[in-house]
Amino acid sequence: MNRPIIEAKELCYTYPDGTAALKDISFRIAQGGSVALVGENGAGKSSLLQHFTGCLLPSAGTLSIKGTMVEGKNLKAVRRAVGMLFQNPDDQLFMPTVFDDVAFGLLNTGTPENELETRVMEALGTVGAAHLRARPPYRLSQGEKRAVAIAGVLAMGPDILVMDEPTSGLDPGSRRRLIRLLKTFGHTKVIATHDMDFALETCERAMVIHRGRISADGPARVIFSDKALLERASLEPPRGYGPTGCP
Amino acid sequence: MNSFAANSFDLGTMDALAAGNTPLHRLDARAKLLVTLLFIVTVVSFEKYSVSALMPFVLYPVFLIAAGDLPAGYILKKALWVSPFALSVGIFNPLLDRQIVLHLGEFGISGGWLSLTSILIRFALTVSAALALVALTGVNAICEALMKWGVPRPFSVQLLFLNRFLSVLAGEAGRMTRARALRGFRKRKMGIGTFVQIAGHLLLRAVDRAERVYRAMLCRGFDGRIRLAGHSHIGGREVFFVTAWGALFALFRLTNLPVELGYLLTRIIE
């Protein structure tokens, strides 16, 4: 394996109410890798994702991003390296216009004013949303909101893209456009999803999370053809992965 | 669309208006904020029976609405929503102050009615100017301007979050009332018990949602400072804007223009 860009060692997280969300999670993700995190509701996928941006910090064990430990003093560096896409784009779009929203992160990281316009428009162009620049985000369709949220993350030039249920609420056309878009990205991608077809199309590797532990980790095609494993994790194989295995 | 959802949609209208591109929109927020504050201070500084002297001040909100290409009806409607507050401030004046201070032909007008009229005019002027300012500038830019003036950061950030989370709260309230309406088969009014439960749930949901929004902001480098693109430049236009309006407000304050014009007109007619 190449030098890992993300490395977790015996990572544990317990919520203040005592719920153990993550238990002894260990994995390594190489630069440029794409990993699908799959598992039932409450399995711990979102809790794990929130560790990547330091929104949650490990109760025990360690997590490193680009060799930097995810801990209080390193959060700035960690958040520069990781771009997080939230499940609901409305949580992520808070500025009055699409342009201001995409520029939000850039301004916070000290991007000079003369570069701002170029970088914002570049990011909006990548997701095909340049024409929305003057629109208020709350009046966009769900697919447009998702595209703008991705632009906001891309504009910051992260090495790692972390996505929480990116296809939720998208119509088939928007979902297809998102798949095409993600395939063009060279970033390291970690995607938590219930959409197994989406996971299969966009990720080469899959990790199954079950009750806070990694119950399987391997090539997506192999994991998704193991019906017994998926059943244990309350998952279903992607369409076409019938009882006979791979299509 | 239920009223909560409609209001949540409406909250964003101000932001949409602020995204316009007229010369007034492009003016630095600090200049607009300073002139509006000057306007408000000047308008409220008049003595309690002033009515005619306030009339020239209509010019400022009218200018903001016209030059900023703002929908006058929308601004007026918004101002009307809060008018009961102004009315409640002066509603008892006619009862408490019955001394006749003005005669219109044979009719005597008491001080109470005059002061109530004055309160309502001041209210209409200041609220419409403030609304026009928000519609031209946006709350975020106003918060940024306050910060640049040295207003303590917690205050301006609180204001920013209040604006952001107000729409979050309205959105959550809209979803909850819609859910209740869909399960309420009879058009029964909401009892106090139900209301308390819904309000409690609403608070919990809004806190949860606000936490997610805040996390999303942190993920994109938010450190408590408000930074906006291309909104901070004090140039000749800003200086002219402040000076011109400042001079006009001083003129309106020091001379009662309608009365002076009245005298002039009377002399011409005579």
# chains A, B, ... in the order shown; residues from 1 in each chain; ligands from 1
$ closest_atom_pairs --of "chain B" --to "chain A" --cutoff "9 Å" --atoms "only C-alpha atoms" --output "JSON lines"
{"residue": "B:Phe9", "atom": "CA", "partner": "A:Tyr138", "partner_atom": "CA", "distance": 8.1}
{"residue": "B:Gly12", "atom": "CA", "partner": "A:Tyr138", "partner_atom": "CA", "distance": 7.3}
{"residue": "B:Thr13", "atom": "CA", "partner": "A:Pro136", "partner_atom": "CA", "distance": 8.8}
{"residue": "B:Met14", "atom": "CA", "partner": "A:Pro96", "partner_atom": "CA", "distance": 8.9}
{"residue": "B:Asp15", "atom": "CA", "partner": "A:Pro96", "partner_atom": "CA", "distance": 5.2}
{"residue": "B:Ala16", "atom": "CA", "partner": "A:Pro136", "partner_atom": "CA", "distance": 5.8}
{"residue": "B:Ala18", "atom": "CA", "partner": "A:Pro96", "partner_atom": "CA", "distance": 7.9}
{"residue": "B:Ala19", "atom": "CA", "partner": "A:Thr97", "partner_atom": "CA", "distance": 6.7}
{"residue": "B:Gly20", "atom": "CA", "partner": "A:Ala134", "partner_atom": "CA", "distance": 8.5}
{"residue": "B:Gly138", "atom": "CA", "partner": "A:Pro96", "partner_atom": "CA", "distance": 7.6}
{"residue": "B:Val139", "atom": "CA", "partner": "A:Pro96", "partner_atom": "CA", "distance": 8.9}
{"residue": "B:Asn140", "atom": "CA", "partner": "A:Met95", "partner_atom": "CA", "distance": 7.9}
{"residue": "B:Arg164", "atom": "CA", "partner": "A:Phe94", "partner_atom": "CA", "distance": 6.9}
{"residue": "B:Val168", "atom": "CA", "partner": "A:Asp91", "partner_atom": "CA", "distance": 9.0}
{"residue": "B:Arg209", "atom": "CA", "partner": "A:Asp91", "partner_atom": "CA", "distance": 7.4}
{"residue": "B:Ala210", "atom": "CA", "partner": "A:Asp91", "partner_atom": "CA", "distance": 8.1}
{"residue": "B:Arg212", "atom": "CA", "partner": "A:Asp91", "partner_atom": "CA", "distance": 6.2}
{"residue": "B:Val213", "atom": "CA", "partner": "A:Asp91", "partner_atom": "CA", "distance": 4.7}
{"residue": "B:Tyr214", "atom": "CA", "partner": "A:Asp91", "partner_atom": "CA", "distance": 8.3}
{"residue": "B:Arg215", "atom": "CA", "partner": "A:Cys55", "partner_atom": "CA", "distance": 6.6}
{"residue": "B:Ala216", "atom": "CA", "partner": "A:Gln92", "partner_atom": "CA", "distance": 5.4}
{"residue": "B:Met217", "atom": "CA", "partner": "A:Gln92", "partner_atom": "CA", "distance": 7.2}
{"residue": "B:Leu218", "atom": "CA", "partner": "A:Cys55", "partner_atom": "CA", "distance": 8.2}
{"residue": "B:Cys219", "atom": "CA", "partner": "A:Arg79", "partner_atom": "CA", "distance": 5.8}
{"residue": "B:Arg220", "atom": "CA", "partner": "A:Gly105", "partner_atom": "CA", "distance": 4.6}
{"residue": "B:Gly221", "atom": "CA", "partner": "A:Asn108", "partner_atom": "CA", "distance": 5.3}
{"residue": "B:Phe222", "atom": "CA", "partner": "A:Asn108", "partner_atom": "CA", "distance": 6.0}
{"residue": "B:Asp223", "atom": "CA", "partner": "A:Asn108", "partner_atom": "CA", "distance": 7.6}
{"residue": "B:Arg225", "atom": "CA", "partner": "A:Asn108", "partner_atom": "CA", "distance": 8.1}
{"residue": "B:Ile226", "atom": "CA", "partner": "A:Asn108", "partner_atom": "CA", "distance": 8.3}
{"residue": "B:Arg227", "atom": "CA", "partner": "A:Leu107", "partner_atom": "CA", "distance": 6.2}
{"residue": "B:Leu228", "atom": "CA", "partner": "A:Asp100", "partner_atom": "CA", "distance": 7.0}
{"residue": "B:Ala229", "atom": "CA", "partner": "A:Asp100", "partner_atom": "CA", "distance": 6.7}
{"residue": "B:Gly230", "atom": "CA", "partner": "A:Glu113", "partner_atom": "CA", "distance": 7.4}
$ residues_around --residues "A:Gln87" --least-positions-apart "5" --cutoff "12 Å" --atoms "only C-alpha atoms" --output "number ranges by chain"
A: 45-46, 49-50, 92-93, 142, 145-146, 149-150, 162-170, 191-194; B: 209, 212-213, 216
$ select_by_dssp --residues "stretch 52-219 of chain B" --states "helix (DSSP H, G or I)" --output "NGL selection string"
:B and (52-67 or 72-81 or 83-90 or 93-96 or 111-137 or 139-148 or 153-183 or 192-219)
$ residues_around --residues "A:Lys23" --least-positions-apart "3" --cutoff "10 Å" --atoms "only C-alpha atoms" --output "list in words"
Glu10, Leu11, Cys12, Tyr13, Thr14, Ala20, Ser26, Gly44, Ser59, Ala60, Gly61, Arg211, Gly212, Arg213 and Ile214 of chain A
$ write_last_selection --atoms "C-alpha atoms" --output "CSV table (one decimal), in the first residue's frame"
chain,number,residue,atom,x,y,z
A,10,GLU,CA,-7.8,1.3,17.6
A,11,LEU,CA,-10.1,4.4,17.4
A,12,CYS,CA,-12.9,4.4,19.9
A,13,TYR,CA,-15.5,7.0,20.5
A,14,THR,CA,-18.1,7.2,23.3
A,20,ALA,CA,-20.2,3.6,22.5
A,26,SER,CA,-8.3,0.5,12.6
A,44,GLY,CA,-21.3,4.5,13.5
A,59,SER,CA,-12.1,8.9,23.1
A,60,ALA,CA,-9.2,6.4,22.7
A,61,GLY,CA,-6.9,5.4,20.0
A,211,ARG,CA,-22.4,-1.9,15.7
A,212,GLY,CA,-19.4,0.4,15.9
A,213,ARG,CA,-16.8,-2.1,14.5
A,214,ILE,CA,-15.5,-2.8,11.1
$ decode --residues "stretch 54-179 of chain B" --atoms "C-alpha atoms" --output "mmCIF file, in the first residue's frame"
data_model
loop_
_atom_site.group_PDB
_atom_site.id
_atom_site.type_symbol
_atom_site.label_atom_id
_atom_site.label_comp_id
_atom_site.auth_asym_id
_atom_site.auth_seq_id
_atom_site.Cartn_x
_atom_site.Cartn_y
_atom_site.Cartn_z
ATOM 1 C CA LEU B 54 -40.573 64.836 10.084
ATOM 2 C CA MET B 55 -42.037 64.883 6.583
ATOM 3 C CA PRO B 56 -38.818 65.671 4.652
ATOM 4 C CA PHE B 57 -37.212 62.584 6.161
ATOM 5 C CA VAL B 58 -39.418 60.429 3.925
ATOM 6 C CA LEU B 59 -36.837 61.220 1.271
ATOM 7 C CA TYR B 60 -34.241 58.811 2.685
ATOM 8 C CA PRO B 61 -36.240 55.532 2.765
ATOM 9 C CA VAL B 62 -37.845 56.460 -0.561
ATOM 10 C CA PHE B 63 -34.396 57.030 -2.040
ATOM 11 C CA LEU B 64 -33.106 53.674 -0.709
ATOM 12 C CA ILE B 65 -36.129 51.811 -2.072
ATOM 13 C CA ALA B 66 -36.104 53.533 -5.463
ATOM 14 C CA ALA B 67 -32.351 53.613 -6.105
ATOM 15 C CA GLY B 68 -31.892 50.114 -4.688
ATOM 16 C CA ASP B 69 -34.651 48.757 -6.915
ATOM 17 C CA LEU B 70 -36.404 47.287 -3.874
ATOM 18 C CA PRO B 71 -40.068 46.228 -3.874
ATOM 19 C CA ALA B 72 -41.771 49.070 -1.992
ATOM 20 C CA GLY B 73 -44.872 46.971 -1.262
ATOM 21 C CA TYR B 74 -42.808 44.247 0.361
ATOM 22 C CA ILE B 75 -40.930 46.707 2.596
ATOM 23 C CA LEU B 76 -44.168 48.412 3.613
ATOM 24 C CA LYS B 77 -45.807 45.085 4.364
ATOM 25 C CA LYS B 78 -42.877 44.123 6.568
ATOM 26 C CA ALA B 79 -43.105 47.473 8.361
ATOM 27 C CA LEU B 80 -46.832 46.947 8.909
ATOM 28 C CA TRP B 81 -46.174 43.622 10.629
ATOM 29 C CA VAL B 82 -44.385 45.381 13.463
ATOM 30 C CA SER B 83 -46.683 48.413 13.537
ATOM 31 C CA PRO B 84 -48.811 47.087 16.448
ATOM 32 C CA PHE B 85 -45.738 47.565 18.612
ATOM 33 C CA ALA B 86 -45.565 51.273 17.740
ATOM 34 C CA LEU B 87 -49.297 51.593 18.189
ATOM 35 C CA SER B 88 -49.110 50.004 21.632
ATOM 36 C CA VAL B 89 -46.448 52.552 22.644
ATOM 37 C CA GLY B 90 -48.675 55.538 21.918
ATOM 38 C CA ILE B 91 -52.223 54.209 22.037
ATOM 39 C CA PHE B 92 -52.977 55.769 25.425
ATOM 40 C CA ASN B 93 -51.531 59.179 24.584
ATOM 41 C CA PRO B 94 -54.892 60.622 23.398
ATOM 42 C CA LEU B 95 -56.415 59.648 26.751
ATOM 43 C CA LEU B 96 -53.572 60.936 28.888
ATOM 44 C CA ASP B 97 -52.825 64.185 27.074
ATOM 45 C CA ARG B 98 -56.072 65.979 26.177
ATOM 46 C CA GLN B 99 -54.765 69.511 26.035
ATOM 47 C CA ILE B 100 -55.527 71.145 22.683
ATOM 48 C CA VAL B 101 -52.251 72.162 21.069
ATOM 49 C CA LEU B 102 -53.265 72.655 17.440
ATOM 50 C CA HIS B 103 -56.271 74.002 15.586
ATOM 51 C CA LEU B 104 -57.140 72.858 12.109
ATOM 52 C CA GLY B 105 -59.857 75.313 11.152
ATOM 53 C CA GLU B 106 -62.541 74.737 13.766
ATOM 54 C CA PHE B 107 -61.146 71.437 14.934
ATOM 55 C CA GLY B 108 -58.899 71.337 17.957
ATOM 56 C CA ILE B 109 -56.309 68.564 18.078
ATOM 57 C CA SER B 110 -55.074 67.390 21.453
ATOM 58 C CA GLY B 111 -51.418 66.808 22.276
ATOM 59 C CA GLY B 112 -52.128 63.092 22.713
ATOM 60 C CA TRP B 113 -53.322 62.633 19.145
ATOM 61 C CA LEU B 114 -50.420 64.676 17.854
ATOM 62 C CA SER B 115 -47.819 62.683 19.789
ATOM 63 C CA LEU B 116 -49.431 59.417 18.665
ATOM 64 C CA THR B 117 -49.211 60.597 15.039
ATOM 65 C CA SER B 118 -45.607 61.619 15.605
ATOM 66 C CA ILE B 119 -44.752 58.179 17.050
ATOM 67 C CA LEU B 120 -46.363 56.426 14.090
ATOM 68 C CA ILE B 121 -44.526 58.609 11.560
ATOM 69 C CA ARG B 122 -41.188 58.097 13.317
ATOM 70 C CA PHE B 123 -41.859 54.388 13.471
ATOM 71 C CA ALA B 124 -42.708 54.216 9.758
ATOM 72 C CA LEU B 125 -39.611 56.219 8.821
ATOM 73 C CA THR B 126 -37.090 54.382 10.979
ATOM 74 C CA VAL B 127 -38.425 50.865 10.384
ATOM 75 C CA SER B 128 -38.690 51.309 6.620
ATOM 76 C CA ALA B 129 -35.157 52.763 6.517
ATOM 77 C CA ALA B 130 -33.802 49.875 8.606
ATOM 78 C CA LEU B 131 -35.606 47.316 6.445
ATOM 79 C CA ALA B 132 -34.316 48.975 3.279
ATOM 80 C CA LEU B 133 -30.805 48.897 4.753
ATOM 81 C CA VAL B 134 -31.031 45.148 5.413
ATOM 82 C CA ALA B 135 -32.528 44.534 1.975
ATOM 83 C CA LEU B 136 -29.712 46.497 0.342
ATOM 84 C CA THR B 137 -26.854 45.185 2.421
ATOM 85 C CA GLY B 138 -27.701 41.819 3.943
ATOM 86 C CA VAL B 139 -27.323 40.890 7.593
ATOM 87 C CA ASN B 140 -23.910 39.304 7.028
ATOM 88 C CA ALA B 141 -22.443 42.487 5.577
ATOM 89 C CA ILE B 142 -23.991 44.537 8.381
ATOM 90 C CA CYS B 143 -22.375 42.221 10.935
ATOM 91 C CA GLU B 144 -19.059 42.567 9.127
ATOM 92 C CA ALA B 145 -19.419 46.362 9.189
ATOM 93 C CA LEU B 146 -20.164 46.298 12.923
ATOM 94 C CA MET B 147 -17.062 44.206 13.486
ATOM 95 C CA LYS B 148 -14.932 46.643 11.516
ATOM 96 C CA TRP B 149 -16.248 49.445 13.671
ATOM 97 C CA GLY B 150 -14.947 47.643 16.693
ATOM 98 C CA VAL B 151 -18.277 46.358 17.999
ATOM 99 C CA PRO B 152 -17.360 43.378 20.239
ATOM 100 C CA ARG B 153 -17.116 40.223 18.151
ATOM 101 C CA PRO B 154 -19.549 38.182 20.319
ATOM 102 C CA PHE B 155 -22.263 40.737 19.595
ATOM 103 C CA SER B 156 -21.863 40.736 15.803
ATOM 104 C CA VAL B 157 -21.411 36.965 15.638
ATOM 105 C CA GLN B 158 -24.531 36.524 17.785
ATOM 106 C CA LEU B 159 -26.413 38.726 15.356
ATOM 107 C CA LEU B 160 -25.113 36.713 12.412
ATOM 108 C CA PHE B 161 -26.124 33.418 13.990
ATOM 109 C CA LEU B 162 -29.485 34.815 15.041
ATOM 110 C CA ASN B 163 -30.194 35.627 11.409
ATOM 111 C CA ARG B 164 -28.949 32.249 10.195
ATOM 112 C CA PHE B 165 -30.716 30.187 12.815
ATOM 113 C CA LEU B 166 -33.953 32.094 12.578
ATOM 114 C CA SER B 167 -34.507 30.506 9.187
ATOM 115 C CA VAL B 168 -33.441 27.124 10.594
ATOM 116 C CA LEU B 169 -35.972 27.515 13.401
ATOM 117 C CA ALA B 170 -38.706 28.629 11.013
ATOM 118 C CA GLY B 171 -37.953 25.677 8.722
ATOM 119 C CA GLU B 172 -38.180 23.192 11.599
ATOM 120 C CA ALA B 173 -41.370 24.822 12.873
ATOM 121 C CA GLY B 174 -42.839 24.599 9.375
ATOM 122 C CA ARG B 175 -42.119 20.881 9.131
ATOM 123 C CA MET B 176 -43.553 20.206 12.586
ATOM 124 C CA THR B 177 -46.763 22.152 12.045
ATOM 125 C CA ARG B 178 -47.206 20.473 8.647
ATOM 126 C CA ALA B 179 -46.766 17.058 10.269
#
